[in-house]
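Colleague: Input: one structure, supplied below.
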Amino acid sequence: MTLRGRLTAAFLVVVLGPVLLGALFVASTATAVDRSRSTERLAVAASTVRTSVDALCQQLRATADAVALNGDPSAAANQLVSRGLAAGVRITDVNGQVTYASAGAPSPPWRDCSGTAEPQPEPVHALAARVDLRDRAGALLGTVAAAQLVDPAFVARLAAVTGVAVTLLGGTSSDRVTHTTESRDVRDAVLAAASAVDSERVTETTEGRYVRRIGPSTGQPLPLVLSVPSERPPGLHVTLIGAVVLAGLLAVLTAWRLARVTTRPLVELASAVDRVAYGDLTARVPVRSRDELGRLAAAFNRMTRETGSYVAALTSSRDQLRGHLAVLGDTLASTHDLQRILRVILHSAIAATGARAGAVLLVEAGGMLAAQCTEGLDGRWPEDDPDGPQTLRVPVGVGVVGAVAATGEPQRGRVEPTDVLAGEPRCRTYVAVPFATPGGPAVPAGTPGPGDETVTPAAALGVLALYDRVGADEFDDDDLVTLRTFAGHAAVAVENVRVHEEAQRLSLTDPLTGLWNYRYLRESIRREVERASRFGRMLSVLALDLDRFKDVNDTYGHAAGDTVLAEFARRVRGEIREVDLAFRQGGEEFVLLLPETDARGAAIVAERLGAAVRDTPIAVEAYAGPVMVTVSVGIAVYPDHGSTGREVLEAADDALYGAKAAGRDTYRVAEVRPDVPTRELPVLAGAVSPPDGLPRAGRPVQAHREPGGPARS
């Protein structure tokens with residue numbers, strides 16, 4: 001997102017945030033207040049309904065008592081009905097047979113005022129109160145029931161008393177209406193809301209009415225539904241949404257205007273910076289004000305003018321620098337630190353040509369160019385490449401540097417913004433020069449020679465590539481000549497280092513077996529003993545000798561003996577770890593160094609070596625049958641058998657003589673020398689193996705006997 005977009009978004013958040021929160025607060029507050037007031041109204045209405053029904057029931061009980069206490073119940077019933085105290089009176093005997101019913105009494109069923117909370121299957125026609133009819137002696141004669149008609153007028157009176165809409169449900173069905181004061185357009189929604197609750201909780205309909213269901217219950221046997229309309233102002237939410245939308249439009253327009261005015265100087269400055277970054281030092285920024293942005297624009301213009309002067313001075317000094325490159329090449333050829341040489345060459349080449357970045361790539365096995373050192377390549381890689389120059393690997397023949405390595409032809413040019421160099425950094429201009437072995441500089445294939453023959457290109461060692469010359473100019477022919485000089489120095493340096501490494505390898509290895517020689521053995525055993533002493537580890541030394549090897553030379557000849565030695569060395573390498581070291585001490589004698597290995601581990605290696613030689617005879621060309629050989633092994637462990645590398649090696653030799661004396665084709669572990677200073681290390685009762693599982697020097701172990709060897713501790 002651009003700065004203008006971020007400023008606009010921030011302004012909108014600051015302005016619209018409170019507006020939205022305010023609108024939500026108003027809407028939620030209005031809803032909460034409306035629900036609270038409606039709930040309170042329904043609670044008062046429910047209390048009023050219970051009071052009204054209870055008063056009616058008390059009136060009916062008084063009427064029934066008056067009839068029961070009168071000597072002439074029928075006359076008293078007619079009188080009370082005519083006075084309007086009840087809509088009807090009915091007298092039954094002890095068997096439930098009606099003995100008297102007033103004229104115009106409501107049709108059954110009558111709902112008893114003292115009925116339970118269980119719903120009745122049939123709709124209510126009348127509300128009745130019953131009392132017992134007894135004679136003067138107190139004997140039960142029957143019952144007197146006084147009833148009041150439950151009709152639309154009764155429901156209307158309840159609605160008038162409570163101030164809410166009242167609906168009388170019929171039977172056990174929640175959607176069956178007996179009488180109601182609800183309007184037809186909201187009746188179905190009220191009944192649906194009432195059927196969704198099974199208690200006196202308040203619920204709201206989609207039309208904006210609050211509904212509460214009461215009864216039937218003890219003392220109030222009528223199943224009623226009360227509802228009140230919402231008191232929220234009509235169109236409240238629409239008004240709030242309109243206000244928020246209007247505020248949002250005004251905020252967007254204001255934010256866009258402010259962001260445009262604020263970011264315009266920054267956009268101009270960024271454009272000028274991009275032009276300068278690509279070498280256009282004539283870029284200037286208009287100064288539109290005297291505020292901080294105006295001072296920044298003035299400082300930028302002053303900086304570009306001074307930078308242009310510096311670039312001119314550097315360009316004039318570049319020619320002087322080229323005169324010293326020959327001396328630099330002689331100096332670089334005298335060291336064998338390849339990385340240092342290549343860094344010096346690359347840095348000098350960049351300084352001499354005025355490039356902004358560069359890299360030196362060498363050809364690896366498999367035809368892959370890999371960067372050995374780079375400079376100034378940060379920020380020149382695609383955003384989805386997290387490693388950048390660390391992964392600069394280009395196949396030979398691919399891209400610019402790959403084509404240079406494959407053809408031996410230097411290249412220079414300009415890259416269009418739409419072009420992408422596969423596997424190479426982004427740039428606008430480039431120059432790449434190959435370098436080959438000093439015996440034959442890299443030249444294009446097919447170049448005419450002194451006669452009719454053509455020159456064959458030498459094998460390329462690598463490529464020296466530079467990118468983006470200061471000033472946005474392309475690299476010229478002079479830069480190409482300068483880079484060829486550096487490439488020649490790089491070729492000499494690489495070849496010298498390789499020759500030096502090969503000579504060093506030959507001086508430390510045995511030419512017949514490829515194992516390390518006795519000279520490297522003395523250096524390695526000293527180094528491994530020092531490492532084992534520093535970290536408290538063990539070091540096992542194995543002295544190996546092929547049994548009766550003189551008979552092999554005498555029987556099959558020295559050529560066969562050399563074959564046996566080479567095959568034995570190959571089998572030794574196959575039985576040891578990468579960290580282990582194998583040496584040919586001389587003749588048929590070999591030495592193994594096993595770091596971080598105790599006597600038990602060394603014995604296991606010795607058994608494997610013996611089996612590898614014993615079980616598979618060595619085939620020798622020009623002879624009909626294979627050659628059977630065995631090996632004897634002596635084992636010594638630092639620090640148990642010596643405190644120096646020489647002492648441990650001598651102990652291994654003594655153990656080897658013991659293996660020879662025991663009949664050959666076996667191994668022996670050296671005896672612990674009594675003169676070796678020892679000290680007791682305290683070990684906790686609950687001691688466990690170290691976390692890395694490696695043995696520690698000096699850790700006491702129980703005495704046991706190795707297979708084929710003497711007891712050790």
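In the structure tokens, the first chain shown is A, the next is B, and so on; residue numbers restart at 1 for each chain, and ligands run from 1 in the order shown.
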Go through stretch 146-258 of chain A residue by residue and, counting only C-alpha atoms, keep those with an atom at most 9 Å from stretch 72-93 of chain A; for each kept residue give the shortest atom pair and its distance in Å to one decimal, ordered by chain and increasing number, as a tab-separated table.
Modeller:
residue	atom	partner	partner_atom	distance
A:Ala146	CA	A:Val89	CA	4.6
A:Ala147	CA	A:Gly88	CA	5.3
A:Gln148	CA	A:Ala87	CA	4.8
A:Leu149	CA	A:Ala87	CA	6.1
Colleague: Name the residues in contact with A:Ala23 at a cut-off of 12 Å, using only C-alpha atoms, excluding same-chain residues fewer than 4 positions from it; report them as a list of chain:residue names.
Modeller: A:Leu16, A:Gly17, A:Pro18, A:Val19, A:Ala27, A:Ser28, A:Thr29, A:Ala30, A:Leu236, A:His237, A:Val238, A:Thr239, A:Leu240, A:Ile241, A:Gly242, A:Ala243, A:Val244, A:Val245, A:Ala247
Colleague: Could you work out how far atom CA of A:Ala406 lies from atom CA of A:Ala352, giving the answer in Å with one decimal?
Modeller: 26.2 Å
Colleague: What parts of stretch 225-283 of chain A does DSSP call helix (DSSP H, G or I)? I'd like the answer as a VMD selection string.
Modeller: chain A and resid 236 to 277
Colleague: Which neighbours of A:Arg295 fall inside 12 Å, counting only C-alpha atoms, when residues of the same chain fewer than 6 positions from it are skipped, and could you give them as a list in words?
Modeller: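 The residues satisfying every condition are Pro265, Leu269, Val285, Pro286, Val287, Arg288, Ser289, Asn301 and Arg302 of chain A.
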Colleague: Per residue of stretch 160-184 of chain A within 6 Å of stretch 209-229 of chain A, what are the shortest atom pair and its distance in Å to one decimal, counting only C-alpha atoms, with rows by chain and residue number, as a tab-separated table?
Modeller:
residue	atom	partner	partner_atom	distance
A:Val164	CA	A:Val228	CA	5.6
A:Ala165	CA	A:Ser227	CA	5.3
A:Val166	CA	A:Leu226	CA	4.9
A:Thr167	CA	A:Val225	CA	5.0
A:Leu168	CA	A:Leu224	CA	4.7
A:Leu169	CA	A:Pro223	CA	5.6
Colleague: Those residues with N, CA and C atoms, as a tab-separated table (two decimals), in the first residue's frame please?
Modeller:
chain	number	residue	atom	x	y	z
A	164	VAL	N	-52.48	-3.85	27.57
A	164	VAL	CA	-51.74	-4.62	26.58
A	164	VAL	C	-52.73	-5.46	25.79
A	165	ALA	N	-52.27	-6.03	24.68
A	165	ALA	CA	-53.11	-6.94	23.91
A	165	ALA	C	-53.13	-8.29	24.58
A	166	VAL	N	-54.36	-8.89	24.69
A	166	VAL	CA	-54.54	-10.16	25.40
A	166	VAL	C	-55.13	-11.17	24.44
A	167	THR	N	-54.57	-12.39	24.47
A	167	THR	CA	-55.07	-13.50	23.64
A	167	THR	C	-55.32	-14.68	24.55
A	168	LEU	N	-56.54	-15.27	24.47
A	168	LEU	CA	-56.89	-16.47	25.22
A	168	LEU	C	-56.73	-17.67	24.30
A	169	LEU	N	-55.83	-18.57	24.68
A	169	LEU	CA	-55.58	-19.77	23.89
A	169	LEU	C	-56.63	-20.80	24.18
Colleague: Quick one: residues within 12 Å of A:Glu578, only C-alpha atoms, excluding same-chain residues fewer than 6 positions away - as a PyMOL selection string?
Modeller: chain A and resi 572+593-595
Colleague: Which residue is closest to A:Gly601? Choose from A:Leu649, A:Met628, A:Val672, A:Leu539 and count only C-alpha atoms.
Modeller: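 Checking each of A:Leu649, A:Met628, A:Val672, A:Leu539 against A:Gly601, counting only C-alpha atoms, the winner is A:Leu539.
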Colleague: Need to verify the contact set: A:Val401, 12 Å, only C-alpha atoms, exclusion of same-chain residues closer than 5 positions in sequence. Can you return it as number ranges by chain?
Modeller: A: 358-363, 368-371, 392-396, 406-412, 421-425, 430-435, 460, 462-467
Colleague: Can you measure atom CA of A:Val150 to atom CA of A:Thr178 for me? One decimal in Å is fine.
Modeller: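 So the answer is 9.6 Å.
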Colleague: Can you work out which one of A:Leu281, A:Leu133, A:Leu656, A:Leu483 has the shortest atom-to-atom distance to A:Gly71, counting only C-alpha atoms?
Modeller: A:Leu133
Colleague: Excluding A:Thr644 and its own-chain neighbours fewer than 3 positions away, which residues fall within 9 Å of it when counting only C-alpha atoms? Please give them as a PyMOL selection string.
Modeller: chain A and resi 525-526+529-530+638-639+647-649
Colleague: I need the chosen residues saved as a short mmCIF file (atom, residue, chain, number, x, y, z; two decimals), in the first residue's frame, with N, CA, C and O atoms.
Modeller:
data_model
loop_
_atom_site.label_atom_id
_atom_site.label_comp_id
_atom_site.auth_asym_id
_atom_site.auth_seq_id
_atom_site.Cartn_x
_atom_site.Cartn_y
_atom_site.Cartn_z
N ILE A 525 47.35 -37.77 15.37
CA ILE A 525 47.19 -38.36 16.69
C ILE A 525 47.46 -37.32 17.78
O ILE A 525 46.81 -37.33 18.83
N ARG A 526 48.36 -36.39 17.50
CA ARG A 526 48.59 -35.31 18.48
C ARG A 526 47.35 -34.43 18.58
O ARG A 526 46.90 -34.08 19.69
N VAL A 529 44.43 -36.38 20.35
CA VAL A 529 44.66 -36.51 21.79
C VAL A 529 44.37 -35.19 22.50
O VAL A 529 43.74 -35.17 23.57
N GLU A 530 44.79 -34.08 21.91
CA GLU A 530 44.51 -32.77 22.51
C GLU A 530 42.99 -32.53 22.56
O GLU A 530 42.47 -32.02 23.56
N TYR A 638 43.10 -43.88 24.77
CA TYR A 638 43.49 -42.71 25.57
C TYR A 638 42.32 -42.34 26.46
O TYR A 638 41.17 -42.31 26.00
N PRO A 639 42.53 -42.10 27.77
CA PRO A 639 43.82 -41.98 28.48
C PRO A 639 44.17 -43.23 29.28
O PRO A 639 45.07 -43.17 30.12
N GLU A 647 52.54 -42.49 23.33
CA GLU A 647 52.39 -43.59 24.28
C GLU A 647 51.22 -44.48 23.90
O GLU A 647 51.30 -45.71 24.00
N VAL A 648 50.10 -43.88 23.49
CA VAL A 648 48.95 -44.69 23.10
C VAL A 648 49.28 -45.52 21.86
O VAL A 648 48.90 -46.69 21.76
N LEU A 649 50.02 -44.95 20.90
CA LEU A 649 50.39 -45.70 19.70
C LEU A 649 51.32 -46.86 20.04
O LEU A 649 51.18 -47.96 19.50
#
Colleague: Measuring between only C-alpha atoms, which one of A:Leu515, A:Gln504, A:Val94, A:Val627 shows the shortest distance to A:Ala139?
Modeller: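 The closest residue to A:Ala139 is A:Val94.
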Colleague: So how far away is atom CA of A:His641 from atom CA of A:Ala602, in Å?
Modeller: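 Atom CA of A:Ala602 sits 13.7 Å away from atom CA of A:His641.
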Colleague: As a VMD selection string, please: every residue in stretch 60-210 of chain A that a backbone DSSP assignment puts in strand (DSSP E).
Modeller: chain A and resid 88 to 93 98 to 101 110 to 112 126 to 134 140 to 149 165 to 169 177 to 180 202 to 204 209 to 210
